[in-house]
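For reference, entry-v4.csv (CSV, C-alpha atoms):
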```csv
chain,number,residue,atom,x,y,z
Z,1,MET,CA,-7.6,25.3,5.5
Z,2,ARG,CA,-9.5,26.9,2.6
Z,3,LYS,CA,-8.7,30.4,1.4
Z,4,ALA,CA,-10.8,33.1,3.0
Z,5,TRP,CA,-11.8,34.5,-0.4
Z,6,LEU,CA,-14.1,31.6,-1.0
Z,7,VAL,CA,-17.6,32.3,0.0
Z,8,ALA,CA,-20.6,30.0,0.4
Z,9,SER,CA,-23.1,30.4,-2.3
Z,10,VAL,CA,-25.7,28.0,-1.0
Z,11,GLY,CA,-27.4,28.4,2.4
Z,12,ILE,CA,-28.2,25.6,4.8
Z,13,GLY,CA,-31.9,25.9,4.1
Z,14,GLY,CA,-32.9,23.7,1.1
Z,15,ALA,CA,-29.8,21.6,1.4
Z,16,LEU,CA,-31.6,18.3,1.0
Z,17,SER,CA,-33.2,19.2,-2.3
Z,18,PHE,CA,-30.0,21.0,-3.5
Z,19,ILE,CA,-27.8,18.0,-2.9
Z,20,ALA,CA,-30.3,15.5,-4.3
Z,21,LEU,CA,-30.4,17.5,-7.6
Z,22,LEU,CA,-26.6,17.6,-7.8
Z,23,VAL,CA,-26.1,13.9,-7.2
Z,24,VAL,CA,-28.8,12.8,-9.7
Z,25,GLY,CA,-27.6,15.3,-12.3
Z,26,THR,CA,-24.0,14.4,-12.0
Z,27,TYR,CA,-24.6,10.7,-12.2
Z,28,MET,CA,-26.8,11.2,-15.3
Z,29,ALA,CA,-24.0,13.2,-17.0
Z,30,ALA,CA,-21.4,10.7,-16.1
Z,31,GLY,CA,-23.2,7.9,-18.0
Z,32,SER,CA,-21.6,4.5,-18.0
Z,33,ILE,CA,-18.5,5.6,-16.2
Z,34,ALA,CA,-17.3,2.1,-15.3
Z,35,ASN,CA,-16.6,1.3,-18.9
Z,36,GLY,CA,-13.7,2.2,-21.1
Z,37,ALA,CA,-10.6,1.2,-19.1
Z,38,GLY,CA,-7.8,0.9,-21.7
Z,39,GLY,CA,-4.2,-0.1,-21.9
Z,40,GLY,CA,-1.1,2.0,-22.6
Z,41,ALA,CA,2.1,3.0,-20.9
Z,42,VAL,CA,1.9,3.9,-17.2
Z,43,GLY,CA,2.2,7.6,-16.5
Z,44,LEU,CA,2.1,9.5,-13.3
Z,45,ALA,CA,-1.0,11.2,-12.0
Z,46,LYS,CA,-0.8,15.0,-11.9
Z,47,GLY,CA,1.1,16.2,-8.9
Z,48,ALA,CA,1.1,12.8,-7.2
Z,49,VAL,CA,4.9,12.7,-7.2
Z,50,PRO,CA,6.6,16.0,-6.0
Z,51,ALA,CA,7.9,17.9,-9.0
Z,52,THR,CA,11.5,17.7,-7.8
Z,53,TYR,CA,11.4,13.9,-8.1
Z,54,GLN,CA,8.9,13.3,-11.0
Z,55,PRO,CA,11.5,13.2,-13.8
Z,56,LEU,CA,13.6,10.7,-11.9
Z,57,VAL,CA,10.6,8.5,-11.1
Z,58,GLN,CA,9.4,8.7,-14.7
Z,59,LYS,CA,12.8,7.9,-16.1
Z,60,TRP,CA,13.9,5.1,-13.8
Z,61,GLY,CA,10.4,3.6,-13.4
Z,62,ASN,CA,10.8,2.3,-16.9
Z,63,LEU,CA,14.2,0.6,-16.3
Z,64,CYS,CA,12.7,-2.9,-16.8
Z,65,LYS,CA,9.4,-4.5,-17.6
Z,66,ALA,CA,8.7,-5.6,-13.9
Z,67,ILE,CA,8.4,-2.0,-12.7
Z,68,ASN,CA,6.7,1.2,-13.9
Z,69,PRO,CA,6.8,4.8,-12.7
Z,70,ALA,CA,3.6,4.4,-10.6
Z,71,LEU,CA,4.9,1.3,-8.9
Z,72,LEU,CA,8.3,2.9,-8.1
Z,73,ALA,CA,6.5,6.0,-6.8
Z,74,ALA,CA,4.3,3.7,-4.5
Z,75,GLN,CA,7.4,2.1,-3.1
Z,76,LEU,CA,9.1,5.4,-2.4
Z,77,TYR,CA,6.0,6.9,-0.8
Z,78,GLN,CA,5.5,3.7,1.3
Z,79,GLU,CA,9.1,3.8,2.4
Z,80,SER,CA,9.7,7.4,3.3
Z,81,GLY,CA,6.7,9.6,2.3
Z,82,TRP,CA,9.1,11.4,-0.1
Z,83,ASN,CA,11.4,12.5,2.8
Z,84,PRO,CA,15.1,12.3,1.5
Z,85,ARG,CA,16.4,12.6,5.1
Z,86,ALA,CA,14.2,9.8,6.5
Z,87,LYS,CA,15.7,7.2,8.7
Z,88,SER,CA,14.2,4.2,10.5
Z,89,PRO,CA,14.9,2.4,13.8
Z,90,ALA,CA,16.3,-0.4,11.7
Z,91,ALA,CA,18.9,2.0,10.3
Z,92,ALA,CA,17.2,2.3,6.8
Z,93,GLN,CA,18.2,5.6,5.2
Z,94,GLY,CA,17.0,8.1,2.7
Z,95,ILE,CA,14.1,8.4,0.4
Z,96,ALA,CA,14.3,4.8,-0.6
Z,97,GLN,CA,15.1,3.5,2.9
Z,98,PHE,CA,18.2,1.4,2.0
Z,99,ILE,CA,19.9,-0.4,4.9
Z,100,PRO,CA,23.7,0.1,4.8
Z,101,GLY,CA,24.5,-3.4,3.7
Z,102,THR,CA,22.0,-3.3,0.8
Z,103,TRP,CA,23.2,0.1,-0.2
Z,104,ALA,CA,26.8,-1.0,-0.3
Z,105,ALA,CA,25.9,-3.9,-2.6
Z,106,HIS,CA,23.3,-2.2,-4.8
Z,107,GLY,CA,23.6,1.5,-4.6
Z,108,VAL,CA,24.4,3.2,-7.9
Z,109,ASP,CA,25.8,6.6,-8.9
Z,110,GLY,CA,22.6,7.7,-10.6
Z,111,ASP,CA,23.6,11.3,-11.3
Z,112,GLY,CA,27.2,10.4,-12.5
Z,113,ASP,CA,28.9,12.8,-10.1
Z,114,GLY,CA,31.4,10.2,-8.9
Z,115,ASP,CA,29.8,9.1,-5.6
Z,116,ARG,CA,27.0,6.9,-4.3
Z,117,ASP,CA,25.1,8.9,-1.7
Z,118,VAL,CA,22.1,7.2,0.0
Z,119,TRP,CA,20.8,10.6,1.1
Z,120,ASP,CA,20.8,12.0,-2.4
Z,121,PRO,CA,17.5,11.2,-4.3
Z,122,GLU,CA,19.4,11.4,-7.6
Z,123,ASP,CA,21.3,8.3,-6.5
Z,124,ALA,CA,18.7,6.7,-4.2
Z,125,ILE,CA,15.8,6.7,-6.7
Z,126,PRO,CA,17.9,5.1,-9.5
Z,127,SER,CA,19.2,2.6,-7.0
Z,128,ALA,CA,15.7,1.6,-5.9
Z,129,ALA,CA,14.7,1.0,-9.5
Z,130,SER,CA,18.0,-0.8,-10.3
Z,131,TYR,CA,17.6,-3.0,-7.2
Z,132,ASP,CA,14.0,-3.9,-8.2
Z,133,CYS,CA,15.1,-4.9,-11.7
Z,134,LYS,CA,17.9,-7.0,-10.3
Z,135,LEU,CA,15.4,-8.8,-8.1
Z,136,ALA,CA,13.1,-9.3,-11.0
Z,137,GLY,CA,16.0,-10.9,-12.9
Z,138,TYR,CA,16.7,-13.3,-10.0
Z,139,VAL,CA,13.1,-14.6,-10.0
Z,140,LYS,CA,12.4,-14.4,-13.7
Z,141,ASP,CA,11.9,-18.1,-14.0
Z,142,ALA,CA,9.3,-18.3,-11.1
Z,143,PRO,CA,5.7,-18.9,-12.2
Z,144,GLY,CA,3.2,-16.1,-11.8
Z,145,ASP,CA,3.2,-12.3,-12.2
Z,146,PRO,CA,6.8,-11.0,-12.6
Z,147,THR,CA,6.0,-7.7,-10.8
Z,148,LYS,CA,4.4,-9.5,-7.8
Z,149,ASN,CA,7.3,-11.9,-7.7
Z,150,MET,CA,9.8,-9.0,-7.8
Z,151,LEU,CA,8.0,-7.3,-4.9
Z,152,ALA,CA,7.9,-10.6,-3.0
Z,153,ALA,CA,11.6,-11.0,-3.5
Z,154,TYR,CA,12.1,-7.4,-2.2
Z,155,ASN,CA,10.3,-8.4,1.0
Z,156,ALA,CA,11.2,-12.0,1.6
Z,157,GLY,CA,14.2,-12.6,-0.6
Z,158,ALA,CA,14.6,-14.2,-4.0
Z,159,TYR,CA,15.2,-17.7,-2.6
Z,160,ALA,CA,11.7,-17.7,-1.0
Z,161,VAL,CA,10.1,-16.8,-4.3
Z,162,LEU,CA,11.9,-19.5,-6.1
Z,163,LYS,CA,11.3,-22.1,-3.4
Z,164,TYR,CA,7.5,-21.5,-3.4
Z,165,GLY,CA,7.2,-20.9,-7.2
Z,166,GLY,CA,5.9,-17.4,-6.8
Z,167,VAL,CA,4.7,-15.2,-3.9
Z,168,PRO,CA,5.5,-17.2,-0.7
Z,169,PRO,CA,2.8,-18.0,1.8
Z,170,TYR,CA,4.0,-15.4,4.3
Z,171,ARG,CA,1.4,-13.0,5.5
Z,172,GLU,CA,3.8,-10.1,5.7
Z,173,THR,CA,5.0,-10.7,2.2
Z,174,GLN,CA,1.6,-11.2,0.7
Z,175,ASN,CA,0.4,-8.0,2.4
Z,176,TYR,CA,3.4,-6.1,1.1
Z,177,VAL,CA,2.8,-7.2,-2.5
Z,178,LYS,CA,-0.9,-6.2,-2.2
Z,179,THR,CA,-0.1,-2.9,-0.6
Z,180,ILE,CA,2.4,-1.7,-3.2
Z,181,THR,CA,0.3,-2.9,-6.2
Z,182,THR,CA,-2.8,-1.2,-4.8
Z,183,LEU,CA,-1.0,2.0,-3.8
Z,184,SER,CA,0.5,2.3,-7.2
Z,185,LYS,CA,-3.0,3.0,-8.6
Z,186,SER,CA,-3.1,6.2,-6.7
Z,187,PHE,CA,0.1,7.3,-8.4
Z,188,ALA,CA,-0.9,6.2,-11.9
Z,189,ARG,CA,-2.5,8.5,-14.4
Z,190,PRO,CA,-5.8,6.8,-15.3
Z,191,VAL,CA,-6.0,5.6,-18.9
Z,192,GLY,CA,-9.8,5.2,-18.7
Z,193,ARG,CA,-12.7,6.3,-16.6
Z,194,VAL,CA,-12.4,5.5,-12.9
Z,195,GLN,CA,-15.1,3.2,-11.5
Z,196,PRO,CA,-17.7,4.8,-9.2
Z,197,SER,CA,-17.2,4.6,-5.4
Z,198,GLU,CA,-19.6,2.2,-3.6
Z,199,GLN,CA,-19.5,4.2,-0.4
Z,200,ALA,CA,-19.9,7.7,-1.8
Z,201,ALA,CA,-23.6,8.1,-0.9
Z,202,GLY,CA,-23.0,7.2,2.8
Z,203,ALA,CA,-20.1,9.6,3.1
Z,204,ILE,CA,-22.1,12.5,1.6
Z,205,ALA,CA,-25.1,11.7,3.9
Z,206,PHE,CA,-22.8,12.1,6.9
Z,207,ALA,CA,-21.3,15.3,5.7
Z,208,GLN,CA,-24.6,16.8,4.8
Z,209,LYS,CA,-25.8,16.3,8.4
Z,210,LYS,CA,-22.9,18.5,9.6
Z,211,LEU,CA,-23.8,21.5,7.5
Z,212,GLY,CA,-23.8,24.6,9.7
Z,213,THR,CA,-21.4,23.2,12.2
Z,214,PRO,CA,-18.6,25.6,13.2
Z,215,TYR,CA,-15.1,24.9,12.0
Z,216,LEU,CA,-12.4,23.8,14.5
Z,217,TRP,CA,-8.7,23.4,13.6
Z,218,GLY,CA,-7.8,19.9,14.5
Z,219,GLY,CA,-11.4,19.0,15.0
Z,220,ASN,CA,-12.4,15.3,14.8
Z,221,GLY,CA,-16.1,15.7,15.8
Z,222,THR,CA,-15.7,14.4,19.4
Z,223,PRO,CA,-18.1,15.3,22.2
Z,224,GLU,CA,-15.3,17.3,23.8
Z,225,GLN,CA,-15.0,19.3,20.6
Z,226,ASN,CA,-18.8,19.8,20.4
Z,227,GLY,CA,-18.9,17.8,17.3
Z,228,ARG,CA,-16.8,20.2,15.3
Z,229,PHE,CA,-14.3,19.4,12.5
Z,230,ASP,CA,-11.6,20.8,10.3
Z,231,CYS,CA,-11.4,19.9,6.6
Z,232,SER,CA,-9.7,16.5,6.8
Z,233,GLY,CA,-11.4,15.6,10.1
Z,234,LEU,CA,-14.7,15.9,8.3
Z,235,THR,CA,-13.7,13.7,5.3
Z,236,LEU,CA,-12.1,11.1,7.7
Z,237,ALA,CA,-15.3,10.9,9.8
Z,238,ALA,CA,-17.6,10.8,6.7
Z,239,TYR,CA,-15.8,7.8,5.2
Z,240,ARG,CA,-15.3,6.1,8.6
Z,241,THR,CA,-19.1,5.8,8.8
Z,242,VAL,CA,-19.0,3.6,5.7
Z,243,GLY,CA,-16.2,1.5,6.9
Z,244,VAL,CA,-13.2,3.2,5.2
Z,245,THR,CA,-10.3,4.4,7.3
Z,246,LEU,CA,-8.5,7.4,5.9
Z,247,PRO,CA,-5.3,9.0,7.1
Z,248,ARG,CA,-5.8,12.1,9.2
Z,249,VAL,CA,-4.2,14.8,7.0
Z,250,ALA,CA,-5.4,15.9,3.6
Z,251,ASN,CA,-2.2,15.3,1.6
Z,252,ASP,CA,-2.2,11.6,2.6
Z,253,GLN,CA,-5.9,11.3,1.9
Z,254,TYR,CA,-5.0,12.2,-1.7
Z,255,ASN,CA,-3.4,8.7,-2.1
Z,256,ALA,CA,-6.5,6.8,-1.0
Z,257,GLY,CA,-7.5,5.8,-4.5
Z,258,PRO,CA,-7.2,6.7,-8.2
Z,259,HIS,CA,-7.7,10.2,-9.6
Z,260,PRO,CA,-10.6,11.1,-11.9
Z,261,LYS,CA,-10.3,14.0,-14.2
Z,262,ARG,CA,-12.3,17.2,-13.5
Z,263,ASP,CA,-15.0,16.3,-16.0
Z,264,GLU,CA,-15.3,12.8,-14.6
Z,265,LEU,CA,-16.0,13.7,-11.0
Z,266,LEU,CA,-18.8,12.0,-9.2
Z,267,PRO,CA,-20.5,12.7,-5.8
Z,268,GLY,CA,-18.3,11.3,-3.0
Z,269,ASP,CA,-15.0,12.0,-4.6
Z,270,LEU,CA,-12.5,13.9,-2.4
Z,271,VAL,CA,-11.4,17.2,-3.9
Z,272,PHE,CA,-8.1,18.8,-3.0
Z,273,PHE,CA,-6.6,22.3,-3.0
Z,274,SER,CA,-3.1,23.6,-2.8
Z,275,ASP,CA,-0.8,26.6,-3.4
Z,276,ASP,CA,1.6,24.3,-5.3
Z,277,LEU,CA,-0.2,22.5,-8.1
Z,278,THR,CA,2.8,20.3,-8.8
Z,279,ASN,CA,3.1,18.5,-5.5
Z,280,SER,CA,0.5,16.5,-3.6
Z,281,ARG,CA,2.5,16.8,-0.4
Z,282,ALA,CA,1.7,20.6,-0.4
Z,283,ILE,CA,-2.1,20.0,-0.4
Z,284,ARG,CA,-3.7,22.0,2.4
Z,285,HIS,CA,-7.5,21.5,2.0
Z,286,VAL,CA,-10.0,18.8,1.1
Z,287,GLY,CA,-13.7,18.6,0.6
Z,288,ILE,CA,-16.3,16.0,-0.5
Z,289,TYR,CA,-17.7,16.6,-4.0
Z,290,VAL,CA,-21.5,16.6,-4.2
Z,291,GLY,CA,-21.9,17.4,-7.9
Z,292,GLY,CA,-22.6,20.4,-10.0
Z,293,GLY,CA,-19.2,21.9,-9.3
Z,294,TYR,CA,-19.8,22.1,-5.5
Z,295,MET,CA,-18.4,20.3,-2.4
Z,296,ILE,CA,-19.2,20.1,1.3
Z,297,ASN,CA,-16.3,21.3,3.3
Z,298,ALA,CA,-15.1,22.7,6.6
Z,299,PRO,CA,-13.4,25.8,5.1
Z,300,ARG,CA,-11.6,27.8,7.8
Z,301,ALA,CA,-11.7,29.2,11.3
Z,302,GLY,CA,-14.7,31.5,11.7
Z,303,ALA,CA,-16.8,29.6,9.1
Z,304,VAL,CA,-19.2,26.7,9.2
Z,305,ILE,CA,-19.4,23.5,7.3
Z,306,ARG,CA,-21.0,24.5,4.0
Z,307,PHE,CA,-21.3,24.1,0.2
Z,308,ASP,CA,-18.5,25.8,-1.8
Z,309,PRO,CA,-17.5,25.8,-5.4
Z,310,ILE,CA,-14.5,23.7,-6.4
Z,311,ASP,CA,-13.5,25.6,-9.6
Z,312,THR,CA,-11.0,28.0,-8.1
Z,313,PRO,CA,-7.3,28.7,-8.9
Z,314,ASP,CA,-6.1,26.5,-6.1
Z,315,TYR,CA,-8.0,23.3,-7.2
Z,316,PHE,CA,-5.4,20.5,-7.3
Z,317,GLY,CA,-7.3,17.4,-8.2
Z,318,ALA,CA,-9.5,14.6,-6.9
Z,319,THR,CA,-9.4,11.1,-5.5
Z,320,ARG,CA,-12.1,8.4,-5.7
Z,321,VAL,CA,-11.7,6.6,-2.4
Z,322,THR,CA,-11.5,2.8,-2.4
Z,323,ASP,CA,-11.3,0.4,0.5
Z,324,GLU,CA,-8.1,-1.1,-0.9
Z,325,GLY,CA,-6.5,2.3,-1.6
Z,326,ALA,CA,-7.1,3.6,1.9
Z,327,ALA,CA,-5.9,0.4,3.5
Z,328,ALA,CA,-2.7,0.5,1.6
Z,329,LEU,CA,-1.6,3.8,2.9
Z,330,PRO,CA,1.3,3.7,5.5
Z,331,ASP,CA,0.4,4.5,9.1
Z,332,LYS,CA,3.1,7.1,9.2
Z,333,PRO,CA,6.3,7.8,7.2
Z,334,ALA,CA,9.8,7.2,8.4
Z,335,SER,CA,11.1,9.9,10.7
Z,336,ALA,CA,13.4,12.6,9.7
```
Go ahead and render the structure in this file as structure tokens.
Amino acid sequence: MRKAWLVASVGIGGALSFIALLVVGTYMAAGSIANGAGGGAVGLAKGAVPATYQPLVQKWGNLCKAINPALLAAQLYQESGWNPRAKSPAAAQGIAQFIPGTWAAHGVDGDGDGDRDVWDPEDAIPSAASYDCKLAGYVKDAPGDPTKNMLAAYNAGAYAVLKYGGVPPYRETQNYVKTITTLSKSFARPVGRVQPSEQAAGAIAFAQKKLGTPYLWGGNGTPEQNGRFDCSGLTLAAYRTVGVTLPRVANDQYNAGPHPKRDELLPGDLVFFSDDLTNSRAIRHVGIYVGGGYMINAPRAGAVIRFDPIDTPDYFGATRVTDEGAAALPDKPASA
């Protein structure tokens, strides 16, 4: 839900010409945005990792060449959604979802306090990185990409990677490797300009047709709800019309692609707002950027879907949605 102190500065009348000018102007200003991707060390996108865990992920994500902080973050998010008390029906435990046998063999005392506690992120996160690096060592002689081979060993075992000379031909394993490598892009700080979205125009066109529709908490736009939406229901529906399936809640939608800087925003980017600018899990509002510093959003109860400015104290950041990024997101995190 958006803060009540935000007010709409653009009426519904004239919306077509207004949005057209914003889109054209923003793309002209962006120039050749697809160029300029460079190299460099992998850093973490602002707020993508909760501040409590960011130093651990940044430190231990550089433990060996096969991993990096964004990749480690993607694994932890995929496993538990950053929940240190998560547990699964298969008895996997903690933020890194170790099963007891694997923890007994590979858990480390990451914080040096004399014990190895699977429920303590200061032990579990270093253990996850250490286990990744051990697996990378086991398969270091296999042909192919060392990181993908490490992830395949994590899923299918080192023997399978060595047997097949790389990622084995198991659908589950191939999907796991693709999911983690894709998801890692949503945790990485971009080192160059992020490529434009191919579906942006269609998502904006859908949202534009909903201008003036009353807000509804939990609204998904169904006939029973009289076509009303809340903030993340609107963004979900907009991208669904162009074949992209987003998660239902705003803080998970943040991980559906890479994160352009404020001065690199393009129409169609999702823009996010939070009271905690250090933690993407605290995001509470999302809108669709249309250019010129404005978004279309479903702000709050008592308001209608409308244009609002994005440059406010609670602006968190943005995501350029991709097919692969959205598809890589977990259906739901492990239960607490």
## Note on the structure
Taken to one decimal, the CA of Leu216 (chain Z)-CA of Arg306 (chain Z) distance is 13.6 Å
### Task
Might you pull out every residue within 7 Å of region 173-186 of chain Z, with all atoms listed in the file counted and same-chain residues fewer than 6 positions away left off, and present them as a list of chain:residue names?
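Within the cut-off, the hits are Z:Ala70, Z:Leu71, Z:Ala74, Z:Gln75, Z:Lys148, Z:Leu151, Z:Ala152, Z:Asn155, Z:Ala156, Z:Val167, Z:Asn255, Z:Ala256, Z:Gly257, Z:Pro258, Z:His259, Z:Glu324, Z:Gly325, Z:Ala328, Z:Leu329.
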### Message
Which residues are near His106 (chain Z)? Cut-off 8 Å, only C-alpha atoms, ignore same chain within fewer than 3 positions. Put them as JSON, numbers by chain.
### Response
{"Z": [102, 103, 127, 130, 131]}
### Of the listed residues Z:Tyr254, Z:Pro309, Z:Gln225, Z:Ala66, that which approaches Arg281 (chain Z) most closely, counting all atoms listed in the file
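Smallest distance to Arg281 (chain Z) is found for Z:Tyr254.
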### Query
For Tyr77 (chain Z), which residue out of Z:Gln199, Z:Gln97, Z:Thr319, Z:Ser274 is the nearest one, using all atoms listed in the file?
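So, comparing all the options, the nearest one is Z:Gln97.
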### Task
Report the distance between CA of Ala73 (chain Z) and CA of Gly192 (chain Z) in Å, rounded to one decimal place.
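Here the two named atoms are 20.2 Å from each other.
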When you get a chance, write out all heavy atoms for region 219-228 of chain Z, as a CSV table (one decimal), keeping the file's coordinate frame.
```csv
chain,number,residue,atom,x,y,z
Z,219,GLY,N,-10.2,19.6,14.5
Z,219,GLY,CA,-11.4,19.0,15.0
Z,219,GLY,C,-11.7,17.6,14.4
Z,219,GLY,O,-11.6,17.4,13.2
Z,220,ASN,N,-12.1,16.7,15.3
Z,220,ASN,CA,-12.4,15.3,14.8
Z,220,ASN,C,-13.9,15.0,15.1
Z,220,ASN,O,-14.3,13.8,15.0
Z,220,ASN,CB,-11.5,14.3,15.5
Z,220,ASN,CG,-10.1,14.4,15.1
Z,220,ASN,OD1,-9.8,14.3,13.9
Z,220,ASN,ND2,-9.2,14.6,16.1
Z,221,GLY,N,-14.6,16.0,15.6
Z,221,GLY,CA,-16.1,15.7,15.8
Z,221,GLY,C,-16.4,15.1,17.1
Z,221,GLY,O,-17.5,14.6,17.3
Z,222,THR,N,-15.4,15.1,18.1
Z,222,THR,CA,-15.7,14.4,19.4
Z,222,THR,C,-16.6,15.2,20.2
Z,222,THR,O,-16.8,16.4,20.0
Z,222,THR,CB,-14.3,14.2,20.1
Z,222,THR,OG1,-13.8,15.5,20.4
Z,222,THR,CG2,-13.3,13.4,19.3
Z,223,PRO,N,-17.2,14.6,21.2
Z,223,PRO,CA,-18.1,15.3,22.2
Z,223,PRO,C,-17.3,16.5,22.8
Z,223,PRO,O,-17.9,17.6,23.1
Z,223,PRO,CB,-18.5,14.3,23.2
Z,223,PRO,CG,-18.5,13.0,22.4
Z,223,PRO,CD,-17.3,13.1,21.5
Z,224,GLU,N,-16.0,16.2,23.2
Z,224,GLU,CA,-15.3,17.3,23.8
Z,224,GLU,C,-15.1,18.5,22.9
Z,224,GLU,O,-14.8,19.6,23.4
Z,224,GLU,CB,-13.9,16.7,24.2
Z,224,GLU,CG,-13.9,15.6,25.3
Z,224,GLU,CD,-14.3,14.3,24.7
Z,224,GLU,OE1,-14.4,14.1,23.4
Z,224,GLU,OE2,-14.6,13.3,25.5
Z,225,GLN,N,-15.1,18.3,21.6
Z,225,GLN,CA,-15.0,19.3,20.6
Z,225,GLN,C,-16.3,19.9,20.1
Z,225,GLN,O,-16.4,20.6,19.1
Z,225,GLN,CB,-14.1,18.9,19.4
Z,225,GLN,CG,-12.7,18.5,19.8
Z,225,GLN,CD,-12.0,17.8,18.7
Z,225,GLN,OE1,-12.6,17.1,17.9
Z,225,GLN,NE2,-10.7,17.9,18.7
Z,226,ASN,N,-17.4,19.4,20.8
Z,226,ASN,CA,-18.8,19.8,20.4
Z,226,ASN,C,-19.1,19.4,19.0
Z,226,ASN,O,-19.8,20.2,18.3
Z,226,ASN,CB,-18.9,21.3,20.6
Z,226,ASN,CG,-18.8,21.8,22.1
Z,226,ASN,OD1,-19.4,21.1,23.0
Z,226,ASN,ND2,-18.2,22.9,22.4
Z,227,GLY,N,-18.6,18.3,18.6
Z,227,GLY,CA,-18.9,17.8,17.3
Z,227,GLY,C,-18.4,18.6,16.1
Z,227,GLY,O,-18.9,18.5,15.0
Z,228,ARG,N,-17.3,19.4,16.3
Z,228,ARG,CA,-16.8,20.2,15.3
Z,228,ARG,C,-15.6,19.6,14.6
Z,228,ARG,O,-14.9,18.7,15.1
Z,228,ARG,CB,-16.3,21.6,15.9
Z,228,ARG,CG,-17.5,22.4,16.4
Z,228,ARG,CD,-17.0,23.7,17.0
Z,228,ARG,NE,-16.2,23.6,18.2
Z,228,ARG,CZ,-15.5,24.6,18.7
Z,228,ARG,NH1,-15.4,25.7,18.1
Z,228,ARG,NH2,-14.8,24.3,19.8
```
